[in-house]
Amino acid sequence: MRKPKIPAGVILAAVMILLVTLACQVFTNQPASVIPTLSSTTLPPSPPEPPAAATQPEAAAPTNPPPEATPDQSSAPTPEPSPEPAGQLPTPCAEDTCVVDGVFILQRPIGSIGRNTIDPSTRYGEYQRVVREANHGVKFLNTTGISVLAAADGVVVAAGDDLNTSYGPAKNTYGNLVILRHEFPSLGQPVFTVYGQLSEVTVQVDQAVSAGDEIGKVGSSGRVQGSTLSFEVRLGENNYGVTRNPELWLAPLPHEGNTQTGAIAGRIVDADGKPIHPVDLQFELLGGPGQPAVETYYLKTYAVGNLSDNSPWEENFAIAGLPPGRYQISFYMKGLQQREIEVMPGKLTLVNFSIP
């Protein structure tokens, strides 16, 4: 019987498989030292694999996100509070006439049972009758023993008499006196109020007082004739040389109904802008066209230059306690000078006169 003939392709494939099998066995049995390796310089480094694509869509943001974590207040530094801007005094009027709020921040130092109006015969800046020294304050004529009240919250910086210590032009000027220091943030500097000629002092140094507290009683001690309260306002420091007109610092008096009185302050200067003094002024509250004046007030400019041209209003005359209405100011300086102005309730009207 004749054997079947095996195809040459099958025999060739079988031989190749046998040879590969023998080569693998020989390669596997070799020591590690003869196994060929690939140097790192043989092939370039493989590029980084790209990030895997997201398999799920991102979750939507929650409608109400959780609150942020509160930092530990005990370990976190406490922020410094912002400094409060320093106050400043108002500026004087740059026009011929202005109506402003004023700085009427002090209460009257005499209560309702006494006379809380200023004596018009010895106003601020006018010469005193006893000595040739211009008034650095105002007077409240009252019976001895009437209570004297603090004009604002403050601290007592002087209480007693001035027999050995001068608080003014000379010793024993005020007799028994009290001086208070007040702080007003809107001004940026302290205000001192002086209460002189007292019959009795009822407070002590370093004592804190509130507006309206009794600090003494009206008297006639020191250099004064008659029973009166001498009242001064000093701005910035407790010094006789920095007084201001109290009429421009005391609260306006009531007028009729719910209205208040008003005030006028002004400057009369020469061509160089220097204050002119003394000048006699007349203030007429007008009654209407063809009508006589309802009331007439007389005033002098400040008698000495160091009382004029001082902040905040740089005035050299002032008067308060005026009923609201239309006023005519008149004075003689190189002829008759006149101007009509309006006095508003609780306001200050500023007037400038420049005499060529």
# chains A, B, ... in the order shown; residues from 1 in each chain; ligands from 1
>>> residues_around(residues="A:Glu214", least_positions_apart="4", cutoff="8 Å", atoms="only C-alpha atoms", output="number ranges by chain")
A: 147-150, 202
>>> write_last_selection(atoms="N, CA, C and O atoms", output="JSON list (two decimals), in the first residue's frame")
[["chain", "number", "residue", "atom", "x", "y", "z"],
["A", 147, "SER", "N", -27.22, 128.63, 91.58],
["A", 147, "SER", "CA", -26.36, 127.52, 91.14],
["A", 147, "SER", "C", -25.71, 127.82, 89.80],
["A", 147, "SER", "O", -26.36, 128.32, 88.87],
["A", 148, "VAL", "N", -24.43, 127.49, 89.72],
["A", 148, "VAL", "CA", -23.67, 127.57, 88.46],
["A", 148, "VAL", "C", -23.52, 126.14, 87.94],
["A", 148, "VAL", "O", -23.12, 125.23, 88.69],
["A", 149, "LEU", "N", -23.82, 125.93, 86.66],
["A", 149, "LEU", "CA", -23.91, 124.59, 86.09],
["A", 149, "LEU", "C", -22.81, 124.35, 85.05],
["A", 149, "LEU", "O", -22.38, 125.27, 84.36],
["A", 150, "ALA", "N", -22.38, 123.09, 84.96],
["A", 150, "ALA", "CA", -21.41, 122.72, 83.93],
["A", 150, "ALA", "C", -22.03, 122.88, 82.56],
["A", 150, "ALA", "O", -23.15, 122.42, 82.31],
["A", 202, "THR", "N", -18.17, 123.79, 94.49],
["A", 202, "THR", "CA", -18.76, 122.54, 94.98],
["A", 202, "THR", "C", -18.19, 121.30, 94.29],
["A", 202, "THR", "O", -18.79, 120.23, 94.37]]
>>> atom_distance(atom1="atom CA of A:Ala265", atom2="atom CA of A:Glu237")
23.1 Å
>>> residues_around(residues="stretch 90-103 of chain A", least_positions_apart="2", cutoff="7 Å", atoms="only C-alpha atoms", output="MDAnalysis selection string")
chainID A and resid 88 105 248:249 312:314 347:352
>>> closest_residue(among="A:Phe192, A:Tyr174, A:Tyr298, A:Phe184", to="A:Val156", atoms="only C-alpha atoms")
A:Phe192
>>> closest_residue(among="A:Thr117, A:Asn172, A:Asn316, A:Ser230", to="A:Lys217", atoms="only C-alpha atoms")
A:Ser230
>>> closest_residue(among="A:Thr122, A:Thr173, A:Ser210, A:Gln107", to="A:Ala151", atoms="only C-alpha atoms")
A:Gln107
>>> residues_around(residues="A:Gly226", least_positions_apart="2", cutoff="12 Å", atoms="only C-alpha atoms", output="JSON, numbers by chain")
{"A": [130, 139, 140, 141, 142, 143, 144, 197, 198, 199, 218, 219, 220, 221, 222, 223, 224, 228, 229, 230]}
>>> write_last_selection(atoms="N, CA and C atoms", output="PDB file, in the first residue's frame")
ATOM      1  N   VAL A 130     -13.804 148.350  85.303  1.00  0.00           N
ATOM      2  CA  VAL A 130     -12.952 148.396  86.487  1.00  0.00           C
ATOM      3  C   VAL A 130     -11.502 148.626  86.094  1.00  0.00           C
ATOM      4  N   LYS A 139     -20.619 138.062  81.078  1.00  0.00           N
ATOM      5  CA  LYS A 139     -21.141 138.092  82.445  1.00  0.00           C
ATOM      6  C   LYS A 139     -22.597 137.647  82.467  1.00  0.00           C
ATOM      7  N   PHE A 140     -22.940 136.906  83.525  1.00  0.00           N
ATOM      8  CA  PHE A 140     -24.335 136.547  83.816  1.00  0.00           C
ATOM      9  C   PHE A 140     -24.670 137.156  85.174  1.00  0.00           C
ATOM     10  N   LEU A 141     -25.430 138.267  85.163  1.00  0.00           N
ATOM     11  CA  LEU A 141     -25.793 138.938  86.410  1.00  0.00           C
ATOM     12  C   LEU A 141     -26.847 138.117  87.141  1.00  0.00           C
ATOM     13  N   ASN A 142     -26.519 137.735  88.403  1.00  0.00           N
ATOM     14  CA  ASN A 142     -27.433 136.913  89.188  1.00  0.00           C
ATOM     15  C   ASN A 142     -27.240 137.178  90.674  1.00  0.00           C
ATOM     16  N   THR A 143     -28.209 136.759  91.431  1.00  0.00           N
ATOM     17  CA  THR A 143     -28.142 136.880  92.877  1.00  0.00           C
ATOM     18  C   THR A 143     -27.123 135.892  93.437  1.00  0.00           C
ATOM     19  N   THR A 144     -26.394 136.317  94.454  1.00  0.00           N
ATOM     20  CA  THR A 144     -25.433 135.423  95.101  1.00  0.00           C
ATOM     21  C   THR A 144     -26.135 134.156  95.589  1.00  0.00           C
ATOM     22  N   GLN A 197     -15.679 134.358  89.853  1.00  0.00           N
ATOM     23  CA  GLN A 197     -16.389 135.207  90.813  1.00  0.00           C
ATOM     24  C   GLN A 197     -17.364 134.415  91.699  1.00  0.00           C
ATOM     25  N   LEU A 198     -17.125 133.131  91.891  1.00  0.00           N
ATOM     26  CA  LEU A 198     -18.056 132.286  92.643  1.00  0.00           C
ATOM     27  C   LEU A 198     -18.023 132.610  94.131  1.00  0.00           C
ATOM     28  N   SER A 199     -19.150 132.390  94.780  1.00  0.00           N
ATOM     29  CA  SER A 199     -19.196 132.483  96.246  1.00  0.00           C
ATOM     30  C   SER A 199     -18.852 131.149  96.876  1.00  0.00           C
ATOM     31  N   VAL A 218     -23.080 131.405  92.323  1.00  0.00           N
ATOM     32  CA  VAL A 218     -22.781 132.778  91.935  1.00  0.00           C
ATOM     33  C   VAL A 218     -22.319 133.576  93.151  1.00  0.00           C
ATOM     34  N   GLY A 219     -21.354 134.474  92.922  1.00  0.00           N
ATOM     35  CA  GLY A 219     -20.855 135.315  94.009  1.00  0.00           C
ATOM     36  C   GLY A 219     -20.266 136.604  93.491  1.00  0.00           C
ATOM     37  N   SER A 220     -19.384 137.177  94.300  1.00  0.00           N
ATOM     38  CA  SER A 220     -18.741 138.447  93.938  1.00  0.00           C
ATOM     39  C   SER A 220     -17.282 138.455  94.373  1.00  0.00           C
ATOM     40  N   SER A 221     -16.640 137.298  94.343  1.00  0.00           N
ATOM     41  CA  SER A 221     -15.238 137.205  94.735  1.00  0.00           C
ATOM     42  C   SER A 221     -14.333 137.679  93.599  1.00  0.00           C
ATOM     43  N   GLY A 222     -13.078 137.978  93.942  1.00  0.00           N
ATOM     44  CA  GLY A 222     -12.141 138.411  92.926  1.00  0.00           C
ATOM     45  C   GLY A 222     -12.348 139.850  92.506  1.00  0.00           C
ATOM     46  N   ARG A 223     -11.911 140.172  91.302  1.00  0.00           N
ATOM     47  CA  ARG A 223     -11.938 141.542  90.796  1.00  0.00           C
ATOM     48  C   ARG A 223     -13.245 141.779  90.058  1.00  0.00           C
ATOM     49  N   VAL A 224     -14.287 142.065  90.800  1.00  0.00           N
ATOM     50  CA  VAL A 224     -15.602 142.287  90.208  1.00  0.00           C
ATOM     51  C   VAL A 224     -16.419 143.163  91.142  1.00  0.00           C
ATOM     52  N   THR A 228     -22.132 138.294  90.202  1.00  0.00           N
ATOM     53  CA  THR A 228     -22.153 137.907  88.796  1.00  0.00           C
ATOM     54  C   THR A 228     -21.381 136.610  88.583  1.00  0.00           C
ATOM     55  N   LEU A 229     -21.615 135.983  87.458  1.00  0.00           N
ATOM     56  CA  LEU A 229     -20.795 134.862  87.002  1.00  0.00           C
ATOM     57  C   LEU A 229     -20.009 135.324  85.787  1.00  0.00           C
ATOM     58  N   SER A 230     -18.684 135.224  85.873  1.00  0.00           N
ATOM     59  CA  SER A 230     -17.833 135.478  84.707  1.00  0.00           C
ATOM     60  C   SER A 230     -17.598 134.145  84.006  1.00  0.00           C
TER      61      SER A 230
END
>>> select_by_dssp(residues="stretch 133-302 of chain A", states="strand (DSSP E)", output="VMD selection string")
chain A and resid 138 to 141 147 to 149 154 to 161 176 to 182 191 to 201 208 to 209 214 to 218 228 to 235 243 to 244 262 to 269 280 to 285 295 to 300
>>> closest_residue(among="A:Ser311, A:Thr193, A:Gln337, A:Thr296", to="A:Asn239", atoms="only C-alpha atoms")
A:Thr193
>>> closest_residue(among="A:Gly125, A:Gly236, A:Gly87, A:Gly287", to="A:Val191", atoms="only C-alpha atoms")
A:Gly236
>>> residues_around(residues="A:Tyr124", least_positions_apart="2", cutoff="10 Å", atoms="only C-alpha atoms", output="PyMOL selection string")
chain A and resi 120-122+126-128+134-139+232+243-247+300-303+307+317-319
>>> closest_residue(among="A:Ile146, A:Met344, A:Val279, A:Leu299", to="A:Tyr332", atoms="only C-alpha atoms")
A:Val279
